[in-house]
Amino acid sequence: MERSLNPVKAGGIETFETEVLIIGGGVTGTGVMRDLALRGIHCLLIDRRDLNAGASGGNHGLLHSGGRYASSDSETAAECRQEGEILKRVAPDCIDDCGGLFVAVEGDDPGFAERFPGYCDAAGIDCESLSPAEAREREPVLSDKLFAAYSIPDATVDPFRITLENVNHAQQLTDSLFLPHTGVEGFEIEDGAITGVLCRNTKTGGMRRILARQVVNAAGAWAMDVARRAGCSDVRLLYSKGTLIISNTRVTDRVINRLRPPGDGDILVPGGTVSLLGTTSDNVDDLEDIRPTVAEVERVLVEGTAMMPCLETTRFIRAFSGVRPLLLAQNGADGRSASRGFTLFDHQDQGLENFATVTGGKLTTFRLMAEKTGDLVAGRLGNSQPCKTATEPLPSGNAVRWTEPGFAPRFWYRRNDPTDMILCECEMVPQSAVDSIIESAPGAEAEMSLQAIGVRSRVGKGSCQGAFCSIRVTSHLYDRGVYDSEQGLNSMRDFLSGRFKGVQPVLWGEQMPQIELSEALHCSLMGLDQLGGKADEPEKGGTDR
Amino acid sequence: MSLKKGVPTADMGRDERHYSTELAVIGSGLAGFAASVFALSRGITCAQVGNTGAVAYTTGYFDLLGYCQDQWLDDPWRGLELLRESEPHHPLSRIDRKEIRAAFDQFTVALTEMGVGYTAPADRNHFALTPAGTVKPTLSVPETMLSGIEARKVNARTLVIDILGLQGFSAKEFVANMRSSWPQLSAAKLSFPDMESGGQVFPEVMARALEVSSNRERFAERIKAVLGDAQLVGMPAIMGVHHPDRVHAELQRLVGVPLFEIPTMPPAVPGIRLREMFEQAFPAKGLTLVPQQKVKRLELEAGRVMLYLRDSFGEMVIESKTAILATGRFLSGGLKAERVGVREALMGIPVIQPGSRADWYRQDYFDPLGHPVNRSGVEVDSRFRPLGPDGEPVSDRLFAAGILLAHQDWVRQRCGAGVAIASAYKAVEAAARLLQEQ
Ligand SMILES: Cc1cc2nc3c(=O)[nH]c(=O)nc-3n(C[C@H](O)[C@H](O)[C@H](O)COP(=O)(O)OP(=O)(O)OC[C@H]3O[C@@H](n4cnc5c(N)ncnc54)[C@H](O)[C@@H]3O)c2cc1C
Ligand SMILES: Cc1cc2nc3c(=O)[nH]c(=O)nc-3n(C[C@H](O)[C@H](O)[C@H](O)COP(=O)(O)OP(=O)(O)OC[C@H]3O[C@@H](n4cnc5c(N)ncnc54)[C@H](O)[C@@H]3O)c2cc1C
């Protein structure tokens, strides 16, 4: 196997070599990485930002039973069911098999409720009918206006964890590597094959050139853009933005779905110690600056409250948005009716023999997407190893367990070491967690940013949304020598700006004192609003005398 | 009705205690405490209610005005002129500069007399040190922090220490960020006597320990061991809760070089000092201080204001001729933010605010313009009386002060203490006038 892990630097360009370059560090790209590594293939995975920077870090985390699609797309529903069953077997550590309910409340169509078991049956999904009283016994917060309810085998999956585990395992298997902040800018093409991929190191501005025998485009919603850069016009996507809000406690044990055709605010999904209410679906033209708005938050709240009146007074700590890449159906239509299935493009008809694009689909079906892609790419490399991801359990890596809500406190109490200080009090993330992440988590590097640590842990995800822990973690990193310049404060500022995008639309009630204190800490105490344009003595920019 | 200072009148029956006073101060942040200081100095009898925890948040620095019209201000007094041009409704634009100065003078002198030394307001801002290694323009600083500010100006050879187990304060961080303007800085880590395990340590606990001379001696030895050729030593603010100036002087004598404090993240000692000092000094001066409770209800009656509250001993009623509302913003509970809008929590006084929740915040957290919702608050007339829905004062006897007031963004403008102290001064002045007229 020919490859070089250490880049060769010549003429200011770093050059990397690998067998397969995978573009996009979401669940799909990392899934492909592990799939190929299990076949003994070396991969280089790149993302222009970081792992989970796209839809994989901005979704509900529902491991679909298929119930949601049973009425509209029986094929996708069946695919979800099968994949859900496989993942529950091979990756139980990443999954909470909590079950789900579909409920109809006053005003919903009784006809749809009656037809629902039939739809499920067609897709092979177990569906048990419950009386409203039984449903409310299981989930007491459900509205008393409930008139129909079914139980289905929904579950939840930690998308952060699964992505990190994929990379971690691939690294172990074939020394495959993940490079953050490396964005594809262009392709070098000769005789129907990609010979080099030109990337920008978005952190330093430098260029990187990657030599690979095969190139996989798993850039999610950005896959159309990446394919075009390679001269392929066959990938046509529709972008559908979805916004969700996160409560500070877990509202229900199970997933709660609205028993009606898919619409805004129709699902509440538990995520460990919190719940996620969503989602909206609005077509957007532009992928840049996707952020949740107050209007979207109001929309999901109003709808969600119809199922669970308690949401009216629930404390929400954050909102976020993701973009679903939907493969454009023949007759246009809106985001919800375009296909939720995935497509693998081999780009043969575009005149390229070593390029593939896989996009669309769901978190739930990422393994299958990776399997199909792996079959194509391995075949092209002359590797005849079969796909192993349906049977081979996903191992748990030590440095990648910190995304799981509740893991850090359990770890800390078990370890019982008072010198292992808690840096993030809301989520009880200890110093040792941060240390292990900067030492060995996938994508770990010198001068690791607070944002990168946030992606790999629960730091900043609790009710204070980083107000205190950003300061504590930063001090710790300076102390450890990770930072030795203003970079540490810049990184803290970027982290807090990033968190604020999600915090801003849910600021009312108990979050207001929180943000007021944050602003006082970050500006009045730390002076982060003046970095760069410094407050200083008059000769450096005070008022005139 | 008797008007004895802080003495409950016995005839009010069972569990209910009844106090009568001339001025009731609602709120125990900086504005509330400043109001009481000003009232006491005028000989007005006074009762103050509110959780004194609020004052413990502060860095210890008293800002007047640090940022205006896109500039960091060296001269805050000139800054006030700029402010008056661009923001005529800002509370500080509505107060005469001489009065602002008098307020700061009187307040800092009072604090120094009560045992926490503060520098007198000068013509220029200090560029005070922050734990991040940035600087902030501020007017008045605790005496224990002054020498570090001076040392930076002359690039004095200075050692900054941090303490094993103290979170959110790293000497290396301070040095890394300060280095470009203060090259002769170095960093060292020490453990605090009897807190060497490596577990978490807290500033307040260390500060209390340093009030004991044997601990000071041991700590001073540890500083001397790493001192090298440093001319000064900076450290987190831990030099005593009571009598910090004495602890500071003693430690300096033991170490042999000037020492200075750098603020830490809350709960921090500089604020705790103020809290404990007020809690001790005020009752001794005859003020009735109810330090843990909130006023539950306020009623305006002919010729008096009635405050209703309860504590663990039962109901309490304060009957006062005048009252100052200094209940702060969201953090302190003076304002409440609901999905449909901001309201004033105690009486439902109208709140100046953006049109809808979508307009509360700008997209960028650190936007130098600050966020519109931060400028929401209560509107007052020239006598600092809050205005009702009809645009008229809610009452002749009700005044408002502090960051509850609209048209200011104390965080971005670096004017927290300025707004609090100066508006308290004006509110007390107006209350005094009313009391005199009657
Ligand atoms: C609001 C919402 C809710 C959802 N809920 C669910 C759910 O509950 N259950 C479920 O199964 N599915 C759900 N989905 C769908 C699921 O999230 C996505 O299908 C899945 O995450 C897609 O993963 P991906 O890896 O293909 O794409 P992404 O996760 O978007 O990854 C693409 C990556 O490519 C990178 N990239 C882009 N351009 C470049 C470039 N030029 N160079 C290098 N890298 C680049 C991006 O930074 C990004 O990290 C939801 C989606 C949304 C938006
Ligand atoms: C982290 C932080 C750092 C700061 N740093 C600085 C600094 O460097 N420089 C500076 O000048 N300022 C600083 N400040 C600001 C300063 O401490 C004061 O908050 C500010 O000056 C205004 O005080 P205030 O009295 O108007 O309001 P607050 O301090 O908010 O006090 C309001 C008071 O009202 C009480 N209250 C509320 N409702 C009721 C009720 N119904 N009944 C009775 N009492 C009630 C509360 O308990 C509280 O005691 C900082 C503040 C914070 C939070």
# chains A, B, ... in the order shown; residues from 1 in each chain; ligands from 1

call {"tool": "interface_residues", "arguments": {"of": "chain A", "to": "chain B", "cutoff": "8 Å", "atoms": "only C-alpha atoms", "output": "number ranges by chain"}}
result
A: 293-295, 418-421, 423, 471-476, 478-479, 484-486, 489, 496-497, 500-501, 504-505, 508-509, 512-514, 516-517, 519-521, 523-529, 534-538, 541-543, 545

call {"tool": "write_last_selection", "arguments": {"atoms": "C-alpha atoms", "output": "short mmCIF file (atom, residue, chain, number, x, y, z; two decimals), in the first residue's frame"}}
result
data_model
loop_
_atom_site.label_atom_id
_atom_site.label_comp_id
_atom_site.auth_asym_id
_atom_site.auth_seq_id
_atom_site.Cartn_x
_atom_site.Cartn_y
_atom_site.Cartn_z
CA THR A 293 -34.69 32.71 13.52
CA VAL A 294 -37.18 33.86 16.13
CA ALA A 295 -40.03 33.32 13.64
CA PRO A 418 -10.72 15.72 43.27
CA THR A 419 -7.73 17.04 41.32
CA ASP A 420 -9.56 16.31 38.08
CA MET A 421 -11.41 19.59 38.19
CA LEU A 423 -14.26 22.80 33.76
CA ILE A 471 -13.30 30.98 30.30
CA ARG A 472 -12.24 27.98 32.37
CA VAL A 473 -11.31 25.77 29.45
CA THR A 474 -9.36 28.58 27.81
CA SER A 475 -7.36 29.22 30.97
CA HIS A 476 -6.67 25.52 31.24
CA TYR A 478 -3.14 28.37 28.19
CA ASP A 479 -1.87 26.71 31.31
CA ASP A 484 0.81 30.96 23.78
CA SER A 485 -0.61 33.98 21.99
CA GLU A 486 -3.83 35.89 21.49
CA LEU A 489 -8.86 34.53 23.21
CA LEU A 496 -19.01 32.18 21.78
CA SER A 497 -20.07 33.88 18.54
CA PHE A 500 -24.78 32.77 20.09
CA LYS A 501 -26.26 31.97 16.68
CA GLN A 504 -30.22 34.18 20.22
CA PRO A 505 -33.64 32.98 18.98
CA TRP A 508 -36.52 34.93 26.85
CA GLY A 509 -37.47 33.86 30.37
CA MET A 512 -32.19 36.23 29.69
CA PRO A 513 -30.38 36.48 33.05
CA GLN A 514 -27.98 33.90 31.65
CA GLU A 516 -26.89 39.12 30.45
CA LEU A 517 -24.34 37.56 32.77
CA GLU A 519 -22.20 39.47 28.10
CA ALA A 520 -20.97 41.03 31.33
CA LEU A 521 -18.38 38.27 31.72
CA CYS A 523 -17.15 41.96 27.53
CA SER A 524 -16.94 43.76 30.85
CA LEU A 525 -14.63 41.27 32.57
CA MET A 526 -12.65 39.70 29.71
CA GLY A 527 -12.82 42.41 27.06
CA LEU A 528 -13.46 39.98 24.21
CA ASP A 529 -15.48 42.57 22.29
CA LYS A 534 -7.99 47.44 21.34
CA ALA A 535 -8.94 49.69 24.16
CA ASP A 536 -5.67 51.16 25.17
CA GLU A 537 -3.73 54.23 26.09
CA PRO A 538 -4.45 57.33 24.03
CA GLY A 541 -6.42 54.95 19.92
CA GLY A 542 -8.27 56.80 22.67
CA THR A 543 -10.12 60.07 22.19
CA ARG A 545 -7.00 65.26 23.97
#

call {"tool": "select_by_dssp", "arguments": {"residues": "range 160-283 of chain B", "states": "strand (DSSP E or B)", "output": "PyMOL selection string"}}
result
chain B and resi 160-163+185-190+192+195+232-236+259-262

call {"tool": "closest_atom_pairs", "arguments": {"of": "chain B", "to": "ligand 2", "cutoff": "7 Å", "atoms": "only C-alpha atoms and all ligand atoms", "output": "tab-separated table"}}
result
residue	atom	partner	partner_atom_place_in_ligand_line	distance
B:Ile26	CA	ligand 2	43 (C)	4.7
B:Gly27	CA	ligand 2	34 (O)	3.2
B:Ser28	CA	ligand 2	49 (O)	3.5
B:Gly29	CA	ligand 2	31 (O)	3.3
B:Leu30	CA	ligand 2	25 (O)	4.0
B:Ala31	CA	ligand 2	25 (O)	3.6
B:Gly32	CA	ligand 2	25 (O)	5.3
B:Val49	CA	ligand 2	43 (C)	5.0
B:Gly50	CA	ligand 2	44 (N)	3.3
B:Asn51	CA	ligand 2	47 (O)	3.7
B:Thr52	CA	ligand 2	49 (O)	4.9
B:Gly53	CA	ligand 2	49 (O)	6.3
B:Ala54	CA	ligand 2	29 (O)	4.8
B:Val55	CA	ligand 2	17 (O)	5.3
B:Tyr57	CA	ligand 2	52 (C)	4.7
B:Thr58	CA	ligand 2	4 (C)	3.8
B:Thr59	CA	ligand 2	8 (O)	4.5
B:Gly60	CA	ligand 2	8 (O)	6.1
B:Tyr61	CA	ligand 2	9 (N)	4.5
B:Phe62	CA	ligand 2	11 (O)	3.9
B:Asp63	CA	ligand 2	11 (O)	3.8
B:Leu64	CA	ligand 2	11 (O)	6.7
B:Pro266	CA	ligand 2	1 (C)	6.4
B:Gln293	CA	ligand 2	43 (C)	6.3
B:Lys294	CA	ligand 2	42 (N)	3.4
B:Val295	CA	ligand 2	42 (N)	3.7
B:Lys296	CA	ligand 2	41 (N)	5.8
B:Ala326	CA	ligand 2	26 (O)	5.5
B:Thr327	CA	ligand 2	34 (O)	3.2
B:Gly328	CA	ligand 2	27 (O)	3.5
B:Arg329	CA	ligand 2	30 (O)	5.7
B:Leu331	CA	ligand 2	30 (O)	6.3
B:Ser332	CA	ligand 2	46 (C)	4.5
B:Gly333	CA	ligand 2	37 (C)	4.7
B:Gly334	CA	ligand 2	38 (N)	4.6
B:Leu346	CA	ligand 2	41 (N)	5.4
B:Ala401	CA	ligand 2	26 (O)	6.4
B:Gly402	CA	ligand 2	26 (O)	3.2
B:Ile403	CA	ligand 2	26 (O)	4.0
B:Leu404	CA	ligand 2	26 (O)	5.9
B:Arg414	CA	ligand 2	11 (O)	6.6
B:Cys415	CA	ligand 2	11 (O)	5.6
B:Gly416	CA	ligand 2	21 (O)	3.7
B:Ala417	CA	ligand 2	11 (O)	3.5
B:Gly418	CA	ligand 2	11 (O)	6.3
B:Val419	CA	ligand 2	21 (O)	6.7
B:Ala420	CA	ligand 2	26 (O)	5.0

call {"tool": "write_last_selection", "arguments": {"atoms": "C-alpha atoms", "output": "mmCIF file, in the first residue's frame"}}
result
data_model
loop_
_atom_site.group_PDB
_atom_site.id
_atom_site.type_symbol
_atom_site.label_atom_id
_atom_site.label_comp_id
_atom_site.auth_asym_id
_atom_site.auth_seq_id
_atom_site.Cartn_x
_atom_site.Cartn_y
_atom_site.Cartn_z
ATOM 1 C CA ILE B 26 -35.362 48.688 46.622
ATOM 2 C CA GLY B 27 -32.317 46.814 45.375
ATOM 3 C CA SER B 28 -28.888 46.001 46.770
ATOM 4 C CA GLY B 29 -26.685 46.341 43.747
ATOM 5 C CA LEU B 30 -24.293 49.193 43.296
ATOM 6 C CA ALA B 31 -27.146 51.641 42.666
ATOM 7 C CA GLY B 32 -28.977 50.616 45.818
ATOM 8 C CA VAL B 49 -34.120 45.707 50.637
ATOM 9 C CA GLY B 50 -32.702 43.301 48.090
ATOM 10 C CA ASN B 51 -30.320 40.448 47.660
ATOM 11 C CA THR B 52 -26.848 41.795 48.275
ATOM 12 C CA GLY B 53 -25.386 39.049 46.087
ATOM 13 C CA ALA B 54 -25.700 41.274 43.022
ATOM 14 C CA VAL B 55 -22.875 43.523 44.064
ATOM 15 C CA TYR B 57 -20.531 40.089 40.498
ATOM 16 C CA THR B 58 -18.503 43.154 39.819
ATOM 17 C CA THR B 59 -14.812 43.147 38.939
ATOM 18 C CA GLY B 60 -14.321 45.853 41.542
ATOM 19 C CA TYR B 61 -13.681 48.493 38.911
ATOM 20 C CA PHE B 62 -16.038 51.455 38.811
ATOM 21 C CA ASP B 63 -16.499 52.440 35.193
ATOM 22 C CA LEU B 64 -17.817 55.845 34.295
ATOM 23 C CA PRO B 266 -17.338 35.739 39.760
ATOM 24 C CA GLN B 293 -35.456 39.382 50.532
ATOM 25 C CA LYS B 294 -37.254 40.880 47.627
ATOM 26 C CA VAL B 295 -40.162 43.263 47.822
ATOM 27 C CA LYS B 296 -43.183 41.218 46.805
ATOM 28 C CA ALA B 326 -32.987 50.114 41.797
ATOM 29 C CA THR B 327 -33.875 46.543 40.953
ATOM 30 C CA GLY B 328 -31.467 46.037 38.057
ATOM 31 C CA ARG B 329 -32.189 44.141 34.884
ATOM 32 C CA LEU B 331 -29.994 39.041 36.068
ATOM 33 C CA SER B 332 -31.299 40.686 39.223
ATOM 34 C CA GLY B 333 -34.974 40.309 38.403
ATOM 35 C CA GLY B 334 -35.839 43.974 37.900
ATOM 36 C CA LEU B 346 -42.421 44.685 40.550
ATOM 37 C CA ALA B 401 -31.870 54.430 39.488
ATOM 38 C CA GLY B 402 -29.259 52.059 38.144
ATOM 39 C CA ILE B 403 -29.124 49.855 35.102
ATOM 40 C CA LEU B 404 -32.881 49.399 35.212
ATOM 41 C CA ARG B 414 -18.365 50.387 30.092
ATOM 42 C CA CYS B 415 -20.591 52.597 32.223
ATOM 43 C CA GLY B 416 -22.134 50.210 34.810
ATOM 44 C CA ALA B 417 -20.972 51.882 37.971
ATOM 45 C CA GLY B 418 -21.292 55.291 36.355
ATOM 46 C CA VAL B 419 -24.978 54.854 35.608
ATOM 47 C CA ALA B 420 -25.580 53.265 39.007
#

call {"tool": "closest_residue", "arguments": {"among": "B:Ile272, B:Val233, B:Ile161, B:Val255", "to": "Ala207 in chain B", "atoms": "only C-alpha atoms"}}
result
B:Ile272

call {"tool": "atom_distance", "arguments": {"atom1": "CA of Glu185 in chain A", "atom2": "CA of Asp494 in chain A"}}
result
23.9 Å

call {"tool": "atom_distance", "arguments": {"atom1": "CA of Ser71 in chain A", "atom2": "CA of Glu134 in chain A"}}
result
23.9 Å

call {"tool": "residues_near_ligand", "arguments": {"ligand": "ligand 1", "cutoff": "6 Å", "atoms": "only C-alpha atoms and all ligand atoms", "output": "ChimeraX atom specification"}}
result
/A:23-29,46-49,51-56,58-64,182-184,218-222,226,241-243,321-324,359-364

call {"tool": "atom_distance", "arguments": {"atom1": "CA of Ala110 in chain B", "atom2": "CA of Arg275 in chain B"}}
result
14.0 Å

call {"tool": "residues_around", "arguments": {"residues": "Gly206 in chain A", "least_positions_apart": "3", "cutoff": "10 Å", "atoms": "only C-alpha atoms", "output": "VMD selection string"}}
result
chain A and resid 12 to 14 182 199 to 203

call {"tool": "closest_residue", "arguments": {"among": "A:Pro430, A:Gly265, A:Gly100, A:Pro309", "to": "Leu146 in chain A", "atoms": "only C-alpha atoms"}}
result
A:Pro309

call {"tool": "closest_residue", "arguments": {"among": "A:Asn354, A:Gln171, A:Thr249, A:Thr15", "to": "Thr195 in chain A", "atoms": "only C-alpha atoms"}}
result
A:Asn354
